[in-house]
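Input: a single structure, listed below in structure tokens.
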Amino acid sequence: MDMGNGSQHNRPLALYTGQNGTNSTSGGQNAAGCVLVHIPQELFLALGLISLVENILVVLAIIKNRNLHSPMYYFICCLAVSDMLVSVSNVVETIFMLLNDNGLMDVYPSMLRHLDNVIDAMICSSVLSSLSFLCTIAADRYITIFYALRYHSIMTTQRAVTIIVLVWLASITSSILFIVYHTDNAVIVCLVTFFFITLVFTAVLYLHMFILAHVHSRRIMAFHKSRRQRTSMKGAITLTILLGVFILCWGPLFLHLILILTCPTSPFCNCFFQNFNLFLILIICNSLIDPLIYAYRSQELRKTLKELVLCSWYFGL
């Protein structure tokens, strides 16, 4: 995300290599023969704005509809806020880039450094909080399925709020520390390790859920709670889709981090590094796709989103 002279960014979190700023507008090959996929700044801005609007609507829908006032939807709301961090950082950076490239604003190097730090912190907070809330939702679904009769006493609103506050505090604090110590490769090691730990944690919960769900459903049906069981499994499947999309969209960035540690001088890896814009677009697409998954998988949320959109359209006329 270097918005300066376009040289190799010397910080492990921004990790941008480009020709003319973060969102370059040309394409082709560089002197080393690497195939570069350059993406127009306008596309970054458009996707960022659409993603921002979508996630704001999700947050408003959850706030508006009392039927969505449950721990799982509180966590989904936080996941939407995490996606909003990516959208906001992308929109702000792209606007600065467009203004600077068109000579409408002089951006000083000190301003660039401060802006870069803020954007890096927002993106880092987003990935840490997203992974944490995906794990939290997985744990919530696990409790719903295997401890259905005790769920409301285990996962109370107060506990859900406490978890949310702790996750945000930990994510923001960690992202600030990562920016402060950005020159240390330990930062990359910590990010990659956290990524794999959360994936393993979620995979273990899923494996247990999907293996034993059929047996457990019989016990639940004995207490006439089959509807709750179906709802719980539907929530687990929704989370499976969310996690799959997250891995597809964020995976290339984490591969980028791993390659920085393992082959920083390799010509092949260097070519991979120089397509960072493509990875950034995938991250923005994750923020754009998530709200569509929420709406597709939840009829109640979909209904509330329709009401919000129609209401906004009506008053906009």
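Each chain in the structure tokens gets a letter, A, B and so on, in the order shown; residues start at 1 in every chain, and ligands are counted from 1 in the order they appear.
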
Skip region 298-311 of chain A itself and residues of its chain fewer than 6 positions away, then list as a PyMOL selection string all residues within 10 Å of it, counting only C-alpha atoms. chain A and resi 54+57-62+64-65+67-68+73+231+234-235+238+291-292

Contacts of region 77-90 of chain A within 7 Å, only C-alpha atoms, excl. fewer than 3 positions in-chain, as a ChimeraX atom specification: /A:48-49,51-52,55,58-59,62,73-74,93-94,119,122-123,126,129-130,133,284,287

Restrict the selected residues to C-alpha atoms and save them as a tab-separated table (two decimals), in the first residue's frame.
chain	number	residue	atom	x	y	z
A	48	GLY	CA	-14.95	-0.46	-1.76
A	49	LEU	CA	-18.04	1.76	-1.80
A	51	SER	CA	-18.89	-3.27	0.10
A	52	LEU	CA	-19.18	-0.42	2.59
A	55	ASN	CA	-22.03	-4.04	5.38
A	58	VAL	CA	-26.23	-5.62	7.48
A	59	VAL	CA	-25.36	-3.80	10.71
A	62	ILE	CA	-29.39	-6.54	12.81
A	73	TYR	CA	-26.08	-12.28	14.91
A	74	TYR	CA	-24.11	-10.03	17.26
A	93	GLU	CA	-6.55	5.29	0.24
A	94	THR	CA	-7.98	5.28	-3.29
A	119	ILE	CA	-4.53	1.85	6.73
A	122	MET	CA	-7.19	-1.05	9.94
A	123	ILE	CA	-6.45	-3.97	7.62
A	126	SER	CA	-9.82	-6.48	10.18
A	129	SER	CA	-11.04	-9.63	14.25
A	130	SER	CA	-12.49	-11.52	11.26
A	133	PHE	CA	-15.23	-13.81	15.10
A	284	ILE	CA	-12.18	-6.36	-0.90
A	287	SER	CA	-15.99	-7.86	2.25

Give me, as a PDB file with N, CA and C atoms, in the first residue's frame, all polymer residues having an atom no more than 12 Å from Tyr151 (chain A), counting only C-alpha atoms and skipping those fewer than 2 positions away in the same chain.
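result.pdb was written with the following content:
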ATOM      1  N   SER A  70     -29.524 -11.855  18.843  1.00  0.00           N
ATOM      2  CA  SER A  70     -29.025 -13.079  19.470  1.00  0.00           C
ATOM      3  C   SER A  70     -27.509 -13.087  19.336  1.00  0.00           C
ATOM      4  N   PRO A  71     -26.811 -13.855  20.188  1.00  0.00           N
ATOM      5  CA  PRO A  71     -25.339 -13.865  20.139  1.00  0.00           C
ATOM      6  C   PRO A  71     -24.768 -14.105  18.749  1.00  0.00           C
ATOM      7  N   MET A  72     -25.316 -15.085  17.999  1.00  0.00           N
ATOM      8  CA  MET A  72     -24.765 -15.378  16.685  1.00  0.00           C
ATOM      9  C   MET A  72     -24.827 -14.161  15.769  1.00  0.00           C
ATOM     10  N   ALA A 139     -17.686 -21.636  17.566  1.00  0.00           N
ATOM     11  CA  ALA A 139     -17.892 -22.112  18.937  1.00  0.00           C
ATOM     12  C   ALA A 139     -19.359 -21.959  19.350  1.00  0.00           C
ATOM     13  N   ASP A 140     -19.976 -20.854  18.929  1.00  0.00           N
ATOM     14  CA  ASP A 140     -21.387 -20.618  19.242  1.00  0.00           C
ATOM     15  C   ASP A 140     -22.276 -21.687  18.609  1.00  0.00           C
ATOM     16  N   ARG A 141     -21.999 -22.037  17.357  1.00  0.00           N
ATOM     17  CA  ARG A 141     -22.784 -23.075  16.681  1.00  0.00           C
ATOM     18  C   ARG A 141     -22.540 -24.443  17.331  1.00  0.00           C
ATOM     19  N   TYR A 142     -21.306 -24.667  17.765  1.00  0.00           N
ATOM     20  CA  TYR A 142     -20.965 -25.932  18.426  1.00  0.00           C
ATOM     21  C   TYR A 142     -21.784 -26.081  19.716  1.00  0.00           C
ATOM     22  N   ILE A 143     -21.843 -25.028  20.489  1.00  0.00           N
ATOM     23  CA  ILE A 143     -22.614 -25.057  21.739  1.00  0.00           C
ATOM     24  C   ILE A 143     -24.105 -25.247  21.440  1.00  0.00           C
ATOM     25  N   THR A 144     -24.577 -24.585  20.392  1.00  0.00           N
ATOM     26  CA  THR A 144     -25.995 -24.696  20.029  1.00  0.00           C
ATOM     27  C   THR A 144     -26.375 -26.125  19.673  1.00  0.00           C
ATOM     28  N   ILE A 145     -25.477 -26.819  18.994  1.00  0.00           N
ATOM     29  CA  ILE A 145     -25.769 -28.183  18.543  1.00  0.00           C
ATOM     30  C   ILE A 145     -25.612 -29.208  19.664  1.00  0.00           C
ATOM     31  N   PHE A 146     -24.522 -29.103  20.411  1.00  0.00           N
ATOM     32  CA  PHE A 146     -24.216 -30.147  21.386  1.00  0.00           C
ATOM     33  C   PHE A 146     -24.677 -29.842  22.810  1.00  0.00           C
ATOM     34  N   TYR A 147     -25.007 -28.592  23.063  1.00  0.00           N
ATOM     35  CA  TYR A 147     -25.522 -28.220  24.386  1.00  0.00           C
ATOM     36  C   TYR A 147     -26.784 -27.381  24.214  1.00  0.00           C
ATOM     37  N   ALA A 148     -27.664 -27.857  23.328  1.00  0.00           N
ATOM     38  CA  ALA A 148     -28.838 -27.071  22.936  1.00  0.00           C
ATOM     39  C   ALA A 148     -29.721 -26.686  24.118  1.00  0.00           C
ATOM     40  N   LEU A 149     -29.918 -27.613  25.038  1.00  0.00           N
ATOM     41  CA  LEU A 149     -30.822 -27.347  26.153  1.00  0.00           C
ATOM     42  C   LEU A 149     -30.228 -26.369  27.163  1.00  0.00           C
ATOM     43  N   SER A 153     -28.206 -20.518  28.769  1.00  0.00           N
ATOM     44  CA  SER A 153     -27.534 -20.266  30.043  1.00  0.00           C
ATOM     45  C   SER A 153     -26.013 -20.181  29.863  1.00  0.00           C
ATOM     46  N   ILE A 154     -25.507 -20.837  28.810  1.00  0.00           N
ATOM     47  CA  ILE A 154     -24.066 -20.783  28.528  1.00  0.00           C
ATOM     48  C   ILE A 154     -23.713 -19.503  27.771  1.00  0.00           C
ATOM     49  N   MET A 155     -24.400 -19.272  26.654  1.00  0.00           N
ATOM     50  CA  MET A 155     -24.102 -18.112  25.815  1.00  0.00           C
ATOM     51  C   MET A 155     -25.134 -17.011  26.085  1.00  0.00           C
ATOM     52  N   THR A 156     -24.957 -16.314  27.182  1.00  0.00           N
ATOM     53  CA  THR A 156     -25.847 -15.202  27.522  1.00  0.00           C
ATOM     54  C   THR A 156     -25.438 -13.956  26.744  1.00  0.00           C
ATOM     55  N   THR A 157     -26.339 -12.992  26.713  1.00  0.00           N
ATOM     56  CA  THR A 157     -26.031 -11.731  26.029  1.00  0.00           C
ATOM     57  C   THR A 157     -24.829 -11.051  26.670  1.00  0.00           C
ATOM     58  N   ARG A 159     -22.292 -12.435  28.224  1.00  0.00           N
ATOM     59  CA  ARG A 159     -21.067 -13.126  27.826  1.00  0.00           C
ATOM     60  C   ARG A 159     -20.707 -12.813  26.375  1.00  0.00           C
ATOM     61  N   ARG A 228     -34.948 -26.376  16.347  1.00  0.00           N
ATOM     62  CA  ARG A 228     -33.724 -25.724  16.800  1.00  0.00           C
ATOM     63  C   ARG A 228     -32.501 -26.404  16.196  1.00  0.00           C
ATOM     64  N   GLN A 229     -32.556 -27.738  16.103  1.00  0.00           N
ATOM     65  CA  GLN A 229     -31.439 -28.486  15.520  1.00  0.00           C
ATOM     66  C   GLN A 229     -31.220 -28.075  14.070  1.00  0.00           C
ATOM     67  N   SER A 232     -29.635 -24.680  13.956  1.00  0.00           N
ATOM     68  CA  SER A 232     -28.235 -24.713  14.359  1.00  0.00           C
ATOM     69  C   SER A 232     -27.353 -25.222  13.228  1.00  0.00           C
TER      70      SER A 232
END
